[in-house]
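**Q** Below is model15.cif; it holds mmCIF, C-alpha atoms.
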data_query
loop_
_atom_site.label_atom_id
_atom_site.label_comp_id
_atom_site.auth_asym_id
_atom_site.auth_seq_id
_atom_site.Cartn_x
_atom_site.Cartn_y
_atom_site.Cartn_z
CA GLU M 243 5.32 -13.84 -12.20
CA ASP M 244 6.51 -11.23 -9.70
CA LYS M 245 9.61 -12.37 -7.89
CA VAL M 246 12.04 -11.14 -5.25
CA VAL M 247 15.35 -12.97 -4.71
CA GLN M 248 17.79 -12.21 -1.91
CA SER M 249 21.41 -13.21 -1.56
CA PRO M 250 23.20 -14.52 0.28
CA LEU M 251 20.66 -16.58 2.21
CA SER M 252 22.98 -16.73 5.19
CA LEU M 253 26.01 -14.70 6.23
CA VAL M 254 28.29 -14.94 9.28
CA VAL M 255 30.77 -12.15 10.00
CA HIS M 256 32.73 -10.72 12.91
CA GLU M 257 31.73 -7.66 14.85
CA GLY M 258 33.07 -4.54 13.16
CA ASP M 259 32.88 -5.95 9.63
CA THR M 260 30.90 -4.28 6.87
CA VAL M 261 28.25 -6.34 5.09
CA THR M 262 26.29 -5.93 1.88
CA LEU M 263 22.99 -7.70 1.39
CA ASN M 264 21.46 -8.05 -2.05
CA CYS M 265 17.88 -8.00 -3.31
CA SER M 266 16.91 -8.44 -6.95
CA TYR M 267 13.36 -8.16 -8.19
CA GLU M 268 11.17 -8.81 -11.19
CA VAL M 269 7.87 -6.98 -11.05
CA THR M 270 5.68 -5.29 -13.62
CA ASN M 271 5.63 -1.51 -13.28
CA PHE M 272 7.86 -1.19 -10.26
CA ARG M 273 6.60 1.18 -7.56
CA SER M 274 8.74 0.68 -4.47
CA LEU M 275 11.11 -1.65 -2.66
CA LEU M 276 11.07 -2.06 1.11
CA TRP M 277 13.61 -3.46 3.58
CA TYR M 278 12.69 -5.01 6.91
CA LYS M 279 14.69 -6.34 9.86
CA GLN M 280 13.35 -9.35 11.74
CA GLU M 281 14.88 -10.34 15.05
CA LYS M 282 12.96 -12.76 17.20
CA LYS M 283 9.43 -11.73 16.37
CA ALA M 284 7.77 -9.28 13.99
CA PRO M 285 9.57 -7.70 11.04
CA THR M 286 10.26 -4.02 11.56
CA PHE M 287 10.47 -1.50 8.76
CA LEU M 288 13.87 -0.08 7.77
CA PHE M 289 13.63 1.70 4.42
CA MET M 290 11.40 2.28 1.44
CA LEU M 291 13.08 3.09 -1.88
CA THR M 292 11.35 4.44 -4.95
CA SER M 293 14.03 6.28 -6.92
CA SER M 294 17.24 5.00 -8.43
CA GLY M 295 20.56 6.19 -7.07
CA ILE M 296 19.25 7.97 -3.99
CA GLU M 297 20.73 6.50 -0.84
CA LYS M 298 18.59 6.13 2.23
CA LYS M 299 20.55 6.14 5.48
CA SER M 300 19.83 5.45 9.10
CA GLY M 301 22.86 5.33 11.37
CA ARG M 302 25.12 2.52 10.20
CA LEU M 303 22.53 1.17 7.76
CA SER M 304 22.10 2.44 4.24
CA SER M 305 20.31 1.27 1.14
CA ILE M 306 20.22 2.15 -2.52
CA LEU M 307 18.14 1.12 -5.50
CA ASP M 308 19.15 0.48 -9.11
CA LYS M 309 15.99 0.46 -11.24
CA LYS M 310 17.91 -0.22 -14.44
CA GLU M 311 19.52 -3.41 -13.13
CA LEU M 312 16.51 -4.26 -10.92
CA PHE M 313 18.24 -4.62 -7.59
CA SER M 314 18.80 -3.02 -4.24
CA ILE M 315 21.53 -3.38 -1.66
CA LEU M 316 21.49 -2.92 2.09
CA ASN M 317 24.82 -1.99 3.66
CA ILE M 318 25.64 -2.25 7.32
CA THR M 319 28.94 -0.75 8.46
CA ALA M 320 30.79 -1.44 11.74
CA THR M 321 28.43 -4.32 12.50
CA GLN M 322 27.39 -5.08 16.07
CA THR M 323 25.94 -8.23 17.60
CA GLY M 324 22.58 -6.45 17.74
CA ASP M 325 22.55 -6.40 13.95
CA SER M 326 22.08 -10.18 13.96
CA ALA M 327 18.69 -10.76 12.35
CA VAL M 328 16.91 -11.86 9.21
CA TYR M 329 16.76 -9.05 6.66
CA LEU M 330 13.84 -9.11 4.25
CA CYS M 331 13.16 -7.13 1.13
CA ALA M 332 9.77 -6.80 -0.54
CA THR M 333 8.00 -5.06 -3.40
CA PRO M 334 4.34 -4.50 -4.30
CA PRO M 335 3.15 -6.07 -7.57
CA TRP M 336 1.47 -3.68 -9.95
CA GLY M 337 -2.15 -3.02 -9.19
CA ALA M 338 -2.17 -5.06 -6.00
CA GLN M 339 -2.34 -3.81 -2.45
CA LYS M 340 0.16 -6.27 -1.03
CA LEU M 341 3.89 -6.99 -0.73
CA VAL M 342 5.84 -9.90 -2.20
CA PHE M 343 8.81 -10.84 -0.01
CA GLY M 344 12.14 -12.42 -0.75
CA GLN M 345 13.43 -15.43 1.19
CA GLY M 346 15.42 -13.28 3.57
CA THR M 347 19.11 -13.14 4.49
CA ARG M 348 20.02 -14.48 7.92
CA LEU M 349 22.89 -12.33 9.22
CA THR M 350 24.89 -13.49 12.22
CA ILE M 351 27.42 -11.18 13.85
CA ASN M 352 29.96 -12.95 16.05
CA PRO M 353 31.74 -11.01 18.80
CA ASN N 241 0.17 1.76 21.75
CA ALA N 242 -0.97 -1.75 20.72
CA GLY N 243 -0.60 -1.59 16.89
CA VAL N 244 -1.38 -5.08 15.52
CA THR N 245 -2.43 -7.72 18.02
CA GLN N 246 -2.63 -11.43 17.21
CA THR N 247 -4.02 -14.27 19.28
CA PRO N 248 -3.14 -16.91 20.21
CA LYS N 249 0.66 -16.65 20.30
CA PHE N 250 1.12 -20.42 20.39
CA GLN N 251 -1.17 -23.30 19.45
CA VAL N 252 -0.77 -27.05 19.03
CA LEU N 253 -3.38 -28.87 16.98
CA LYS N 254 -3.94 -32.41 15.88
CA THR N 255 -4.40 -33.17 12.20
CA GLY N 256 -8.00 -32.47 11.19
CA GLN N 257 -8.77 -30.02 13.99
CA SER N 258 -9.94 -26.51 13.20
CA MET N 259 -8.93 -23.19 14.66
CA THR N 260 -9.12 -19.47 14.07
CA LEU N 261 -6.30 -16.96 14.41
CA GLN N 262 -7.52 -13.54 15.41
CA CYS N 263 -5.97 -10.22 14.42
CA ALA N 264 -6.91 -6.68 15.34
CA GLN N 265 -5.29 -3.34 14.55
CA ASP N 266 -5.93 0.00 16.18
CA MET N 267 -4.28 2.25 13.58
CA ASN N 268 -7.38 2.78 11.44
CA HIS N 269 -5.67 1.04 8.53
CA ASN N 270 -7.66 -0.01 5.49
CA SER N 271 -5.59 -3.03 4.44
CA MET N 272 -4.86 -6.17 6.41
CA TYR N 273 -2.83 -9.28 5.58
CA TRP N 274 -2.05 -12.79 6.70
CA TYR N 275 1.41 -14.18 5.95
CA ARG N 276 3.07 -17.42 6.91
CA GLN N 277 6.79 -17.82 7.50
CA ASP N 278 8.65 -21.10 7.11
CA PRO N 279 12.42 -21.60 7.41
CA GLY N 280 14.21 -20.36 4.29
CA MET N 281 10.97 -19.22 2.64
CA GLY N 282 10.63 -15.61 3.73
CA LEU N 283 7.06 -14.41 4.17
CA ARG N 284 4.39 -15.84 1.90
CA LEU N 285 1.02 -14.15 1.57
CA ILE N 286 -2.01 -16.30 2.38
CA TYR N 287 -4.89 -13.83 2.05
CA TYR N 288 -5.31 -10.11 2.24
CA SER N 289 -8.06 -7.57 2.54
CA ALA N 290 -7.39 -4.30 0.73
CA SER N 291 -10.38 -2.66 2.40
CA GLU N 292 -13.29 -3.54 4.62
CA GLY N 293 -15.64 -5.86 2.76
CA THR N 294 -13.06 -7.30 0.36
CA THR N 295 -10.70 -10.26 0.56
CA ASP N 296 -8.29 -11.70 -1.99
CA LYS N 297 -6.10 -14.77 -2.26
CA GLY N 298 -2.37 -14.50 -1.96
CA GLU N 299 0.34 -16.97 -2.95
CA VAL N 300 -0.64 -19.86 -0.66
CA PRO N 301 -4.40 -19.73 0.11
CA ASN N 302 -5.23 -23.45 0.00
CA GLY N 303 -6.50 -24.80 3.30
CA TYR N 304 -7.34 -21.38 4.73
CA ASN N 305 -10.31 -19.05 4.92
CA VAL N 306 -10.48 -15.46 6.10
CA SER N 307 -13.06 -13.02 7.39
CA ARG N 308 -12.73 -9.26 7.48
CA LEU N 309 -15.09 -8.76 10.37
CA ASN N 310 -14.84 -4.97 10.38
CA LYS N 311 -12.16 -2.39 9.70
CA ARG N 312 -10.18 -3.42 12.78
CA GLU N 313 -10.35 -7.21 12.64
CA PHE N 314 -9.19 -9.86 10.16
CA SER N 315 -9.32 -13.53 11.13
CA LEU N 316 -7.69 -16.59 9.55
CA ARG N 317 -9.36 -19.99 9.84
CA LEU N 318 -7.93 -23.44 9.32
CA GLU N 319 -10.90 -25.75 8.78
CA SER N 320 -9.00 -29.03 8.87
CA ALA N 321 -5.41 -28.55 9.94
CA ALA N 322 -2.61 -30.46 8.24
CA PRO N 323 1.05 -30.89 9.30
CA SER N 324 2.04 -28.78 6.26
CA GLN N 325 0.34 -25.85 7.98
CA THR N 326 2.86 -25.92 10.82
CA SER N 327 4.33 -22.44 10.57
CA VAL N 328 4.58 -19.01 12.12
CA TYR N 329 1.69 -16.80 11.06
CA PHE N 330 1.92 -13.03 10.90
CA CYS N 331 -0.90 -10.57 10.59
CA ALA N 332 -0.08 -7.14 9.19
CA SER N 333 -1.83 -3.92 8.31
CA SER N 334 -1.13 -0.95 6.10
CA GLY N 335 -2.59 2.50 5.85
CA ILE N 336 -0.99 3.47 2.56
CA VAL N 337 -3.40 3.58 -0.38
CA GLY N 338 -2.15 1.58 -3.34
CA GLY N 339 -0.16 -0.91 -1.31
CA THR N 340 3.22 0.66 -1.86
CA GLY N 341 4.04 1.47 1.72
CA GLU N 342 5.17 -0.25 4.83
CA LEU N 343 3.30 -2.98 6.61
CA PHE N 344 3.00 -3.07 10.39
CA PHE N 345 3.25 -6.60 11.73
CA GLY N 346 1.87 -8.39 14.75
CA GLU N 347 4.22 -10.49 16.86
CA GLY N 348 3.29 -13.76 15.20
CA SER N 349 1.41 -16.93 16.10
CA ARG N 350 3.37 -20.18 16.19
CA LEU N 351 1.17 -23.07 15.10
CA THR N 352 2.18 -26.72 15.30
CA VAL N 353 0.02 -29.40 13.69
CA LEU N 354 0.78 -32.94 14.83
#
Taking this structure as input, can you express it in the form of structure tokens?

**A**
Amino acid sequence: EDKVVQSPLSLVVHEGDTVTLNCSYEVTNFRSLLWYKQEKKAPTFLFMLTSSGIEKKSGRLSSILDKKELFSILNITATQTGDSAVYLCATPPWGAQKLVFGQGTRLTINP
Amino acid sequence: NAGVTQTPKFQVLKTGQSMTLQCAQDMNHNSMYWYRQDPGMGLRLIYYSASEGTTDKGEVPNGYNVSRLNKREFSLRLESAAPSQTSVYFCASSGIVGGTGELFFGEGSRLTVL
């Protein structure tokens, strides 16, 4: 069965800290892995990763994929209170036009 | 610049009542989805429609029905609501063939079943 597992489920840090969020997956014939940020309402897209070892970067956020070990990490440097959110990762099962999501990591940044 | 629009945003039902959640997208996307989100559970797929005229079950379809009315609209119906269906429901759409790309989400509908 296709599965996506995120860790930790919850994380509280101080503003300015660096955090690493983890996403491991089990899916037949991997195609892509996506990261989303969810604040109060709808999830918003951050990154899509398809190739191992190639970092995707957007400002203080970056993500990388390891297809051999079947995981991805999302790094946030110099965290700000606006980074507080639930971060979700997801992957499409083979042959299906849908995404399977992990449980999410709730990140809280304290001033 | 509407994107994905869901209605209603909030609804309270009594056990056994029925209701329909409406979703429309204006991005000419082929695929549309209904997810539910419960605390600590991430997003779980209820039903999806890969293209107009087709619908498929997701992980948690029991107690729900869907209709892909046309390319723009995808509705979710609860025929006899149960307290276990208390959740936040998200509609989403995608224009990427093969389902590998990003989903665009509506703002969610919070449903409470008493």

**Q** Neighbouring residues of Ser324 of chain N were defined as those with any atom within 10 Å, considering all atoms listed in the file; residues of the same chain fewer than 2 positions away were excluded. Please report them as an MDAnalysis selection string.

**A** chainID N and resid 255 303 321:322 326:327 352:354

**Q** Counting all atoms listed in the file, which residues from chain M have an atom at most 6 Å from any atom of chain N, and could you show them as a PyMOL selection string?

**A** chain M and resi 283-284+334+339-340+343-346

**Q** With distances taken over only C-alpha atoms, which residue among M:Gly258, M:Pro285, M:Gly301, M:Pro250 lies nearest Leu330 of chain M?

**A**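 Between M:Gly258, M:Pro285, M:Gly301, M:Pro250, the residue approaching Leu330 of chain M most closely is M:Pro285.
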
**Q** For a quick check of understanding, using all atoms listed in the file, which of N:Leu351, N:Leu318, N:Val300, N:Ala242 has the smallest distance to Met259 of chain N?

**A**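 The shortest atom-to-atom distance to Met259 of chain N comes from N:Leu318.
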
**Q** Between M:Glu268, M:Glu281, M:Glu311, M:Glu257, which one has atoms that come closest to Arg348 of chain M, using all atoms listed in the file?

**A**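 Checking each of M:Glu268, M:Glu281, M:Glu311, M:Glu257 against Arg348 of chain M, counting all atoms listed in the file, the winner is M:Glu281.
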
**Q** Could you tell me how far atom CA of Met267 of chain N sits from atom CA of Leu309 of chain N, in Å to one decimal place?

**A**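 Spanning atom CA of Leu309 of chain N to atom CA of Met267 of chain N is a straight-line distance of 15.8 Å.
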
**Q** Can you list, as a VMD selection string, the residues that the PyMOL selection byres ((chain M and resi 260) around 10) selects here?

**A** chain M and resid 255 to 259 261 to 262 302 317 to 322

**Q** Work out how far apart atom CA of Gln257 of chain N and atom CA of Ser320 of chain N are and give it in Å to one decimal.

**A** 5.2 Å

**Q** Determine, counting only C-alpha atoms, which protein, DNA and RNA residues have an atom within 6 Å of an atom of Ser304 of chain M; residues of the same chain fewer than 5 positions away are not included. Present the result as a VMD selection string.

**A** chain M and resid 298 to 299 316 to 317

**Q** Written as a ChimeraX atom specification, what is the full residue list that the PyMOL selection byres ((chain M and resi 312) around 9) yields on the file shown?

**A** /M:265-268,307-311,313-314

**Q** Hey, what comes out of the PyMOL selection byres ((chain N and resi 306) around 8) on this file? Could you write it as a PyMOL selection string?

**A** chain N and resi 287+295+304-305+307-308+314-317
